[in-house]
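Student: Structure in structure tokens, see below.
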Amino acid sequence: MKEAGFFDVAECLAGLSKKGDVLEQLNRTVDFELFRPDLERAVPRSNGAKGGRPPFDHVLMLKVLILQAMNGLGDEATEYFMRDRLTWKRFLGLEIADAVPDANTIWTFREHLTKAGAIQGLFDRFDRALREAGYLAMSGQLLDATIVAAPKQRNTDGEKAAIRAGQIPDAWKAKPAKLRQKDRDARWTVKYSKAKPREGQPQVDLAVPSFGYKNHVSADRAHGLIRKWLVTDAAAHDGARLPDLLDKTNTAGGVWADTAYRSEKNEAFMAKNGFVSKVHRKKPKGKPMPERTRKANALKSMVRSKIEHVFAHQKGLMAAIVRTIGKARAETKIGMINLAYNMRRFLWLERRRASA
């Protein structure tokens with residue numbers, strides 16, 4: 001095999017561009033420099049007086065985390081693909097021979113963001129850029145939550161009881177290495193869904209146990225962009241988060257959500273704050289669903305179901321998962337997933353605008 005030269009690499013990249021390199025398009029569409037002030041405040045750097053290897057650029061490291069979030073990768077796998085893929089190197093502004101951040105560098109940078117609580121600021125800054133580009137929150141909002149899986153914990157009943165009480169199990173106190181690997185913030189929950197109907201058999205409910213966190217989001221109806229989000233453990237009740245998720249900047253007052261968000265308290269809150277409830281009504285206990293209510297819920301579902309596209313994208317193409325320990329780190333990971341989703345959605349919206 002002959003050794004690749006500069007023009008060979010350029011020709012290869014040109015071929016990738018013709019095939020539609022999404023990362024190249026994202027680089028042209030998103031101004032990543034707008035994040036620099038927040039990143040520099042969250043991740044301080046030395047002046048180099050003590051020597052050592054120069055640190056990687058703040059914006060480059062943010063791009064690395066975006067790549068990681070878009071592909072559901074761990075730190076080691078992210079390092080591997082940065083070394084392997086030409087499209088990733090071009091996205092990061094690196095030449096083939098340039099050094100790439102290793103797994104420890106990625107972990108350290110993300111840890112700085114977590115300790116500084118910077119992810120919400122980064123998300124808000126991009127949201128302002130979306131609004132300046134003409135994508136205002138419009139036509140009402142859609143609320144829902146999805147479970148993001150975390151590493152499962154194998155604990156005894158006594159350890160589980162201590163964790164629920166907010167305590168550290170006695171057996172872990174003398175083992176700091178073990179304690180660091182125990183996620184005391186994530187929770188188990190059971191998600192119910194309908195099995196596929198079979199001829200001649202009654203409808204069966206499936207109970208699927210899950211462990212991890214919940215990503216609660218509010219997306220605008222007009223553009224499908226996430227406008228507000230928050231993270232809880234997987235066992236948290238969806239409806240209790242409604243007041244914190246409602247976006248008062250939306251140009252319309254309609255709020256679409258499933259029956260988990262229907263309660264007297266939530267209905268009163270929405271009425272008091274100028275929102276119009278389009279939340280599904282629950283089936284009366286011990287009685288059949290009234291036909292009028294069923295039809296009304298079906299009409300609401302035609303709008304509300306669009307938020308499932310957000311979660312389908314995150315769990316499908318982005319393979320969303322939390323591999324870290326603790327709620328603070330989970331918030332950074334899930335926040336980065338939401339930010340990466342909005343960037344991908346913004347790219348799609350811009351393509352549609354250009355074609356129109």
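Residues in the structure tokens are numbered from 1 in each chain, the chains being A, B, ... in the order shown, and ligands are numbered from 1 in the order shown.
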Considering only C-alpha atoms, give me a table of residues in region 232-332 of chain A that are at most 10 Å from region 206-212 of chain A, with the closest atom pair and distance in Å for each, as JSON lines.
Tutor:
```
{"residue": "A:Thr232", "atom": "CA", "partner": "A:Gly212", "partner_atom": "CA", "distance": 9.1}
{"residue": "A:Asp233", "atom": "CA", "partner": "A:Gly212", "partner_atom": "CA", "distance": 6.3}
{"residue": "A:Ala234", "atom": "CA", "partner": "A:Gly212", "partner_atom": "CA", "distance": 5.4}
{"residue": "A:Ala235", "atom": "CA", "partner": "A:Gly212", "partner_atom": "CA", "distance": 8.6}
{"residue": "A:Ile321", "atom": "CA", "partner": "A:Gly212", "partner_atom": "CA", "distance": 9.0}
{"residue": "A:Val322", "atom": "CA", "partner": "A:Gly212", "partner_atom": "CA", "distance": 7.8}
{"residue": "A:Arg323", "atom": "CA", "partner": "A:Gly212", "partner_atom": "CA", "distance": 9.8}
{"residue": "A:Gly326", "atom": "CA", "partner": "A:Gly212", "partner_atom": "CA", "distance": 9.9}
{"residue": "A:Lys327", "atom": "CA", "partner": "A:Gly212", "partner_atom": "CA", "distance": 9.6}
{"residue": "A:Ala330", "atom": "CA", "partner": "A:Gly212", "partner_atom": "CA", "distance": 9.2}
```
Student: Report as a VMD selection string all protein, DNA and RNA residues lying within 10 Å of Asp21 (chain A), evaluated on only C-alpha atoms, omitting residues in the same chain fewer than 6 positions from it.
Tutor: chain A and resid 13 to 15 87 to 88 91
Student: Considering only C-alpha atoms, can you say which of A:Ala161, A:Leu242, A:Cys12, A:Leu39 comes closest to Ala268 (chain A)?
Tutor: A:Leu242
Student: Taking into account only C-alpha atoms, which residue in the set A:Met270, A:Leu60, A:Ala252, A:Ala195 is nearest to Gly140 (chain A)?
Tutor: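 Once distances to Gly140 (chain A) are computed over only C-alpha atoms, the minimum belongs to A:Ala252.
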Student: Show me, as a PyMOL selection string, the residues that have an atom within 12 Å of region 120-126 of chain A when counting only C-alpha atoms, minus same-chain residues fewer than 5 positions from it.
Tutor: chain A and resi 30-42+59+62+66+113-114+131-133+135+225-231+328+331-343+346
Student: Keeping only N, CA and C atoms, write the selected residues as a tab-separated table (two decimals), in the first residue's frame.
Tutor:
```tsv
chain	number	residue	atom	x	y	z
A	30	VAL	N	-24.05	25.55	12.75
A	30	VAL	CA	-23.99	25.95	14.16
A	30	VAL	C	-22.72	26.74	14.41
A	31	ASP	N	-22.86	27.91	15.02
A	31	ASP	CA	-21.70	28.71	15.42
A	31	ASP	C	-21.24	28.25	16.80
A	32	PHE	N	-20.30	27.34	16.85
A	32	PHE	CA	-19.84	26.78	18.12
A	32	PHE	C	-19.06	27.80	18.95
A	33	GLU	N	-18.59	28.87	18.33
A	33	GLU	CA	-17.84	29.88	19.09
A	33	GLU	C	-18.72	30.60	20.10
A	34	LEU	N	-20.04	30.58	19.92
A	34	LEU	CA	-20.90	31.28	20.85
A	34	LEU	C	-20.86	30.65	22.25
A	35	PHE	N	-20.38	29.39	22.34
A	35	PHE	CA	-20.30	28.71	23.64
A	35	PHE	C	-19.00	29.03	24.39
A	36	ARG	N	-18.05	29.66	23.74
A	36	ARG	CA	-16.73	29.83	24.34
A	36	ARG	C	-16.76	30.57	25.68
A	37	PRO	N	-17.48	31.70	25.82
A	37	PRO	CA	-17.46	32.39	27.14
A	37	PRO	C	-17.92	31.50	28.28
A	38	ASP	N	-18.99	30.73	28.08
A	38	ASP	CA	-19.48	29.84	29.14
A	38	ASP	C	-18.47	28.74	29.45
A	39	LEU	N	-17.85	28.21	28.41
A	39	LEU	CA	-16.88	27.13	28.60
A	39	LEU	C	-15.64	27.62	29.35
A	40	GLU	N	-15.17	28.82	29.02
A	40	GLU	CA	-13.98	29.35	29.68
A	40	GLU	C	-14.25	29.67	31.15
A	41	ARG	N	-15.47	30.06	31.47
A	41	ARG	CA	-15.80	30.29	32.88
A	41	ARG	C	-15.90	28.97	33.65
A	42	ALA	N	-16.45	27.94	32.99
A	42	ALA	CA	-16.67	26.68	33.67
A	42	ALA	C	-15.40	25.84	33.80
A	59	VAL	N	-13.67	24.89	22.81
A	59	VAL	CA	-14.72	24.60	21.84
A	59	VAL	C	-14.51	23.21	21.23
A	62	LEU	N	-15.92	20.76	23.63
A	62	LEU	CA	-17.38	20.72	23.58
A	62	LEU	C	-17.85	19.91	22.38
A	66	ILE	N	-20.32	16.65	22.11
A	66	ILE	CA	-21.46	16.58	21.19
A	66	ILE	C	-21.40	15.30	20.36
A	113	LEU	N	-17.40	20.66	33.79
A	113	LEU	CA	-18.72	21.19	33.45
A	113	LEU	C	-19.75	20.82	34.50
A	114	THR	N	-19.65	19.59	35.01
A	114	THR	CA	-20.60	19.12	36.02
A	114	THR	C	-20.45	19.91	37.30
A	131	ARG	N	-33.71	31.21	18.72
A	131	ARG	CA	-34.73	32.27	18.64
A	131	ARG	C	-34.26	33.40	17.72
A	132	GLU	N	-32.97	33.75	17.80
A	132	GLU	CA	-32.44	34.80	16.94
A	132	GLU	C	-32.47	34.37	15.47
A	133	ALA	N	-32.39	33.06	15.24
A	133	ALA	CA	-32.47	32.54	13.86
A	133	ALA	C	-33.90	32.46	13.35
A	135	TYR	N	-36.51	30.82	15.07
A	135	TYR	CA	-37.25	29.65	15.56
A	135	TYR	C	-37.76	29.92	16.98
A	225	LEU	N	-38.49	21.61	18.82
A	225	LEU	CA	-37.26	21.85	19.56
A	225	LEU	C	-37.52	21.75	21.06
A	226	ILE	N	-36.58	21.18	21.79
A	226	ILE	CA	-36.69	21.13	23.25
A	226	ILE	C	-36.44	22.53	23.79
A	227	ARG	N	-37.36	23.03	24.60
A	227	ARG	CA	-37.23	24.37	25.17
A	227	ARG	C	-36.88	24.36	26.64
A	228	LYS	N	-37.41	23.38	27.37
A	228	LYS	CA	-37.08	23.24	28.80
A	228	LYS	C	-36.92	21.76	29.10
A	229	TRP	N	-36.09	21.47	30.09
A	229	TRP	CA	-35.85	20.08	30.46
A	229	TRP	C	-35.38	20.02	31.90
A	230	LEU	N	-35.54	18.87	32.49
A	230	LEU	CA	-34.98	18.61	33.81
A	230	LEU	C	-34.81	17.11	33.98
A	231	VAL	N	-33.98	16.73	34.93
A	231	VAL	CA	-33.62	15.33	35.16
A	231	VAL	C	-34.02	14.92	36.57
A	328	ALA	N	-25.83	14.44	39.46
A	328	ALA	CA	-25.19	15.62	38.89
A	328	ALA	C	-24.54	15.29	37.55
A	331	GLU	N	-27.18	14.66	34.88
A	331	GLU	CA	-27.74	15.89	34.33
A	331	GLU	C	-26.86	16.44	33.21
A	332	THR	N	-25.54	16.37	33.41
A	332	THR	CA	-24.64	16.83	32.35
A	332	THR	C	-24.77	15.96	31.10
A	333	LYS	N	-24.81	14.64	31.30
A	333	LYS	CA	-24.92	13.74	30.15
A	333	LYS	C	-26.25	13.93	29.42
A	334	ILE	N	-27.35	13.97	30.17
A	334	ILE	CA	-28.67	14.11	29.54
A	334	ILE	C	-28.84	15.50	28.95
A	335	GLY	N	-28.32	16.51	29.64
A	335	GLY	CA	-28.37	17.87	29.08
A	335	GLY	C	-27.62	17.96	27.77
A	336	MET	N	-26.48	17.26	27.68
A	336	MET	CA	-25.71	17.26	26.44
A	336	MET	C	-26.48	16.52	25.33
A	337	ILE	N	-27.20	15.47	25.71
A	337	ILE	CA	-28.04	14.76	24.73
A	337	ILE	C	-29.13	15.69	24.20
A	338	ASN	N	-29.76	16.46	25.08
A	338	ASN	CA	-30.81	17.40	24.66
A	338	ASN	C	-30.23	18.51	23.78
A	339	LEU	N	-29.04	19.00	24.13
A	339	LEU	CA	-28.39	20.03	23.32
A	339	LEU	C	-28.03	19.48	21.95
A	340	ALA	N	-27.48	18.27	21.91
A	340	ALA	CA	-27.12	17.66	20.63
A	340	ALA	C	-28.36	17.42	19.77
A	341	TYR	N	-29.47	17.02	20.41
A	341	TYR	CA	-30.70	16.82	19.65
A	341	TYR	C	-31.15	18.13	19.01
A	342	ASN	N	-31.12	19.22	19.78
A	342	ASN	CA	-31.55	20.51	19.23
A	342	ASN	C	-30.66	20.95	18.07
A	343	MET	N	-29.37	20.62	18.14
A	343	MET	CA	-28.48	20.96	17.03
A	343	MET	C	-28.85	20.17	15.78
A	346	PHE	N	-32.10	21.64	14.49
A	346	PHE	CA	-31.83	22.93	13.87
A	346	PHE	C	-31.29	22.74	12.46
```
Student: Taking the DSSP secondary structure from the backbone, can you list the residues of region 94-298 of chain A that are helix (DSSP H, G or I), as an MDAnalysis selection string?
Tutor: chainID A and resid 103:116 119:132 157:164 170:173 176:180 239:245 259:261 264:272 291:298
Student: Find the residues near Gly239 (chain A): any atom within 6 Å, counting only C-alpha atoms, skip ones fewer than 2 places away on the same chain, and give them as a list in words.
Tutor: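 Returned residues: His237, Arg241, Leu242, Ala260 and Tyr261 of chain A.
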